[in-house]
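**Student:** Would you mind keeping the following structure in view while I ask a few things?
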Amino acid sequence: MKYKILIFIAMLFVSLGVMAQQTAPDTVKTGIYITSIHDVNFKDKEYTIDLWLWLKYKNKKFDFLQNLEVPQAKTVTKSFSTIDSSKNRVYMLMKLQCVMKDSWAINNFPFDKQKLRFSIENSQFDSHSLIFVPDNLGKHFDPRFVLPGWKIDSLSILAGTKIYETGFGDDSLAKPHTEYSNFRVKIQIDRDAMGLFWKMFLGMYVAFLIAYMCFYIHTDSIDSRFGLSVGALFAVIGNKYIVDSALPESTTFTLVDTLHGITLLFILCIIICTSYSLKLIKKEKIDKAIKFDFLSAQILLGIYVLLNGYFIFMAERG
């Protein structure tokens, strides 16, 4: 009797092991080699990536030529593909060019760091049938290609599971929930910013200096002082519209908004100081007006430089 019980338990464990093997998802070892990243369109939030993608697996039902999905891609072009099904496994290699849509972090523009994301899924099999395993052997991008205006800081590949809160019309599911394995690539790039910074903000700083020079115009020419300040005010507003036209829309307060806002505020302070000087001149307190202009010039310039330096330094660190 004891032997029968032991045999029954052994057969039960064997059957459970067989069932576990049958239900275990098949693995797809996946690797990538990026040959180029170009056409980075900052305003339209997209870029183009050229890459080699290879997949190694045993289940011949996986048809990646027809069912390869790149979720964030605007367009996917396969220029080359080859399949080797010898040695009881499938080795697929393909060359892809993808126009990717992504979101940009522009709070610290032009001292921004961006993360480019690329991922693939199989639209036919969910994570119960297929899981991706990264192939980490070798490099993942060509170190010779240059991304103008950017530096590649890091590249990482990993596999995970993407959850969809829908059954895609499958009524047999207890709840609208499906999971698909995905293979993800994350590329962090840092902008080479100083040249672009001066190109975009030089007009703003020149406008501020023109307004600032009002403090050194003789008090007899009070109309000229007002004219220069108001002209500088509109120049800064125009410069901001030009810079904003090159950026995607954002609801957050960015470095561009901060620097232009500070400049507008300080030009307004210059106009207020000029108005007070005019009031002193009309009271025939010319010496006091000259002293007030000199003191205001030093204080406003010092605070303006410190604030700009602080916000630029914080943006570079971020």
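Every chain in the structure tokens has a letter given in the order shown (A, B, ...), and although residue numbers restart at 1 in each chain, ligands are simply numbered from 1 in the order shown.
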Compile the contact shell of segment 135-137 of chain A as a list in words: residues with an atom at most 8 Å away, counting only C-alpha atoms, same-chain residues fewer than 2 positions apart removed.
**Tutor:**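 The filter keeps Lys29, Thr30, Gly31, Ile32, Val133, Lys139 and Ile157 of chain A.
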**Student:** So that I can check the secondary structure, give me every residue of segment 70-280 of chain A assigned helix (DSSP H, G or I) by backbone DSSP, as a count of residues only.
**Tutor:** 76
**Student:** Considering only C-alpha atoms, can you say which of A:Gln72, A:Thr27, A:Ser81, A:Ser275 comes closest to Lys56 of chain A?
**Tutor:** A:Thr27
**Student:** Would you compute the distance between atom CA of Glu121 of chain A and atom CA of Ala159 of chain A? Give it in Å to one decimal.
**Tutor:**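 Distance reported for this atom pair: 10.2 Å.
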**Student:** For the contact check between segment 129-216 of chain A and segment 101-112 of chain A, emit one row per residue of segment 129-216 of chain A within 12 Å, containing the shortest atom pair and the distance in Å rounded to one decimal, counting only C-alpha atoms, chain then rising number order, as CSV.
**Tutor:**
residue,atom,partner,partner_atom,distance
A:Gly149,CA,A:Pro110,CA,10.7
A:Trp150,CA,A:Asp112,CA,10.1
A:Lys151,CA,A:Asp112,CA,11.4
A:Lys186,CA,A:Asp102,CA,11.8
A:Gln188,CA,A:Asp112,CA,10.7
A:Ile189,CA,A:Asp112,CA,8.8
A:Asp190,CA,A:Asp112,CA,6.6
A:Arg191,CA,A:Asp112,CA,6.1
A:Asp192,CA,A:Phe111,CA,7.7
A:Ala193,CA,A:Phe111,CA,5.5
A:Met194,CA,A:Phe111,CA,8.1
A:Gly195,CA,A:Pro110,CA,9.6
A:Leu196,CA,A:Pro110,CA,7.0
A:Phe197,CA,A:Pro110,CA,6.2
A:Trp198,CA,A:Pro110,CA,10.0
A:Lys199,CA,A:Pro110,CA,10.6
A:Met200,CA,A:Pro110,CA,9.1
A:Phe201,CA,A:Pro110,CA,10.3
**Student:** What is the atom CA of Ser129 of chain A-atom CA of Val28 of chain A distance in Å, reported with one decimal?
**Tutor:**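 Here the two named atoms are 10.5 Å from each other.
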**Student:** As a PyMOL selection string, which residues of segment 39-229 of chain A does DSSP assign to strand (DSSP E)?
**Tutor:** chain A and resi 39-41+46-57+68-69+73-84+90-101+113-122+130-134+150-164+178-191
**Student:** Find the residues around segment 271-273 of chain A up to 9 Å (only C-alpha atoms counted), leave out those fewer than 2 positions away in its own chain, and share them as a list of chain:residue names.
**Tutor:**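 Within the cut-off, the hits are A:Ala211, A:Phe215, A:Arg225, A:Phe226, A:Ser229, A:Val230, A:Phe266, A:Ile267, A:Leu268, A:Cys269, A:Ser275, A:Tyr276, A:Ser277, A:Leu278, A:Phe292, A:Asp293, A:Ser296.
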**Student:** Fewer than 4 positions away in the same chain doesn't count, so skip those; otherwise give me all residues within 12 Å of Leu259 of chain A, counting only C-alpha atoms, as an mmCIF file with C-alpha atoms, in the first residue's frame.
**Tutor:**
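Result file part_15.cif:
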data_model
loop_
_atom_site.group_PDB
_atom_site.id
_atom_site.type_symbol
_atom_site.label_atom_id
_atom_site.label_comp_id
_atom_site.auth_asym_id
_atom_site.auth_seq_id
_atom_site.Cartn_x
_atom_site.Cartn_y
_atom_site.Cartn_z
ATOM 1 C CA ASN A 107 12.389 72.361 -18.583
ATOM 2 C CA ASN A 108 16.154 72.925 -18.744
ATOM 3 C CA PHE A 109 16.431 73.666 -22.479
ATOM 4 C CA PRO A 110 19.019 74.215 -23.933
ATOM 5 C CA PHE A 197 22.495 79.015 -25.650
ATOM 6 C CA MET A 200 19.207 81.890 -28.759
ATOM 7 C CA PHE A 201 19.732 84.299 -25.850
ATOM 8 C CA LEU A 202 22.264 86.809 -27.172
ATOM 9 C CA MET A 204 17.794 89.055 -25.108
ATOM 10 C CA TYR A 205 20.975 90.053 -23.263
ATOM 11 C CA PHE A 208 18.762 94.225 -21.555
ATOM 12 C CA VAL A 236 12.938 90.755 -25.460
ATOM 13 C CA ILE A 237 9.303 89.804 -26.143
ATOM 14 C CA ASN A 239 13.186 87.152 -28.919
ATOM 15 C CA LYS A 240 11.018 84.947 -26.699
ATOM 16 C CA VAL A 243 12.813 80.862 -29.242
ATOM 17 C CA PHE A 253 7.661 76.994 -16.648
ATOM 18 C CA THR A 254 10.938 76.319 -18.448
ATOM 19 C CA LEU A 255 14.391 77.891 -18.271
ATOM 20 C CA THR A 263 14.810 90.132 -18.165
ATOM 21 C CA LEU A 264 11.363 91.631 -18.719
ATOM 22 C CA LEU A 265 10.982 92.254 -14.990
ATOM 23 C CA PHE A 266 14.354 94.018 -14.745
ATOM 24 C CA TYR A 304 20.349 90.295 -12.657
ATOM 25 C CA VAL A 305 23.720 88.586 -13.183
ATOM 26 C CA LEU A 306 23.350 86.518 -10.001
ATOM 27 C CA LEU A 307 19.855 85.323 -10.882
ATOM 28 C CA ASN A 308 20.858 84.374 -14.430
ATOM 29 C CA GLY A 309 23.951 82.568 -13.188
ATOM 30 C CA TYR A 310 21.957 80.653 -10.572
ATOM 31 C CA PHE A 311 19.214 79.437 -12.935
ATOM 32 C CA ILE A 312 21.703 78.513 -15.673
ATOM 33 C CA ALA A 315 19.778 73.835 -15.377
#
**Student:** Which is closer to Asn122 of chain A than all the others in A:Thr251, A:Asn67, A:Thr48, A:Gln298, using only C-alpha atoms?
**Tutor:** A:Asn67
**Student:** Write out as a ChimeraX atom specification which residues come within 7 Å of His38 of chain A when counting only C-alpha atoms, dropping same-chain ones fewer than 3 positions away.
**Tutor:** /A:47-49,147
**Student:** Using all heavy atoms, can you write the selected residues to a file as a PDB file, in the first residue's frame?
**Tutor:**
ATOM      1  N   TYR A  47      12.341  61.468 -33.956  1.00  0.00           N
ATOM      2  CA  TYR A  47      13.701  61.251 -34.435  1.00  0.00           C
ATOM      3  C   TYR A  47      13.707  59.973 -35.272  1.00  0.00           C
ATOM      4  O   TYR A  47      12.764  59.168 -35.224  1.00  0.00           O
ATOM      5  CB  TYR A  47      14.695  61.136 -33.271  1.00  0.00           C
ATOM      6  CG  TYR A  47      14.491  59.923 -32.400  1.00  0.00           C
ATOM      7  CD1 TYR A  47      15.187  58.740 -32.628  1.00  0.00           C
ATOM      8  CD2 TYR A  47      13.580  59.950 -31.340  1.00  0.00           C
ATOM      9  CE1 TYR A  47      14.995  57.627 -31.838  1.00  0.00           C
ATOM     10  CE2 TYR A  47      13.379  58.834 -30.549  1.00  0.00           C
ATOM     11  CZ  TYR A  47      14.089  57.675 -30.791  1.00  0.00           C
ATOM     12  OH  TYR A  47      13.882  56.569 -30.017  1.00  0.00           O
ATOM     13  N   THR A  48      14.774  59.779 -36.046  1.00  0.00           N
ATOM     14  CA  THR A  48      14.909  58.602 -36.901  1.00  0.00           C
ATOM     15  C   THR A  48      16.072  57.762 -36.395  1.00  0.00           C
ATOM     16  O   THR A  48      17.135  58.292 -36.077  1.00  0.00           O
ATOM     17  CB  THR A  48      15.147  59.005 -38.364  1.00  0.00           C
ATOM     18  OG1 THR A  48      14.059  59.820 -38.811  1.00  0.00           O
ATOM     19  CG2 THR A  48      15.249  57.785 -39.264  1.00  0.00           C
ATOM     20  N   ILE A  49      15.857  56.448 -36.327  1.00  0.00           N
ATOM     21  CA  ILE A  49      16.890  55.533 -35.851  1.00  0.00           C
ATOM     22  C   ILE A  49      17.067  54.409 -36.863  1.00  0.00           C
ATOM     23  O   ILE A  49      16.087  53.850 -37.368  1.00  0.00           O
ATOM     24  CB  ILE A  49      16.529  54.985 -34.448  1.00  0.00           C
ATOM     25  CG1 ILE A  49      17.625  54.070 -33.929  1.00  0.00           C
ATOM     26  CG2 ILE A  49      15.184  54.287 -34.449  1.00  0.00           C
ATOM     27  CD1 ILE A  49      17.449  53.698 -32.457  1.00  0.00           C
ATOM     28  N   LEU A 147      25.975  62.253 -33.543  1.00  0.00           N
ATOM     29  CA  LEU A 147      24.666  62.891 -33.455  1.00  0.00           C
ATOM     30  C   LEU A 147      24.903  64.385 -33.271  1.00  0.00           C
ATOM     31  O   LEU A 147      25.270  64.824 -32.170  1.00  0.00           O
ATOM     32  CB  LEU A 147      23.878  62.311 -32.280  1.00  0.00           C
ATOM     33  CG  LEU A 147      22.432  62.765 -32.093  1.00  0.00           C
ATOM     34  CD1 LEU A 147      21.615  62.481 -33.343  1.00  0.00           C
ATOM     35  CD2 LEU A 147      21.820  62.062 -30.893  1.00  0.00           C
TER      36      LEU A 147
END
**Student:** Pick out the residues sitting within 8 Å of Asn59 of chain A, and hand them over as a ChimeraX atom specification; count only C-alpha atoms, and ignore anything fewer than 4 positions along from it in its own chain.
**Tutor:** /A:26,89-90
**Student:** Take the residues just selected and output them with N, CA, C and O atoms as a PDB file, in the first residue's frame.
**Tutor:**
ATOM      1  N   ASP A  26       7.846  30.474 -24.222  1.00  0.00           N
ATOM      2  CA  ASP A  26       9.088  30.349 -24.993  1.00  0.00           C
ATOM      3  C   ASP A  26       9.875  31.653 -24.918  1.00  0.00           C
ATOM      4  O   ASP A  26       9.296  32.742 -24.877  1.00  0.00           O
ATOM      5  N   ARG A  89      16.554  25.647 -34.295  1.00  0.00           N
ATOM      6  CA  ARG A  89      16.181  26.977 -33.772  1.00  0.00           C
ATOM      7  C   ARG A  89      16.166  27.954 -34.930  1.00  0.00           C
ATOM      8  O   ARG A  89      16.710  27.709 -36.003  1.00  0.00           O
ATOM      9  N   VAL A  90      15.507  29.100 -34.710  1.00  0.00           N
ATOM     10  CA  VAL A  90      15.374  30.127 -35.748  1.00  0.00           C
ATOM     11  C   VAL A  90      16.255  31.308 -35.367  1.00  0.00           C
ATOM     12  O   VAL A  90      16.226  31.776 -34.215  1.00  0.00           O
TER      13      VAL A  90
END
**Student:** Tell me, in Å to one decimal, how far atom CA of Lys74 of chain A is from atom CA of Phe183 of chain A.
**Tutor:**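 Answer for the atom CA of Lys74 of chain A to atom CA of Phe183 of chain A separation: 17.9 Å.
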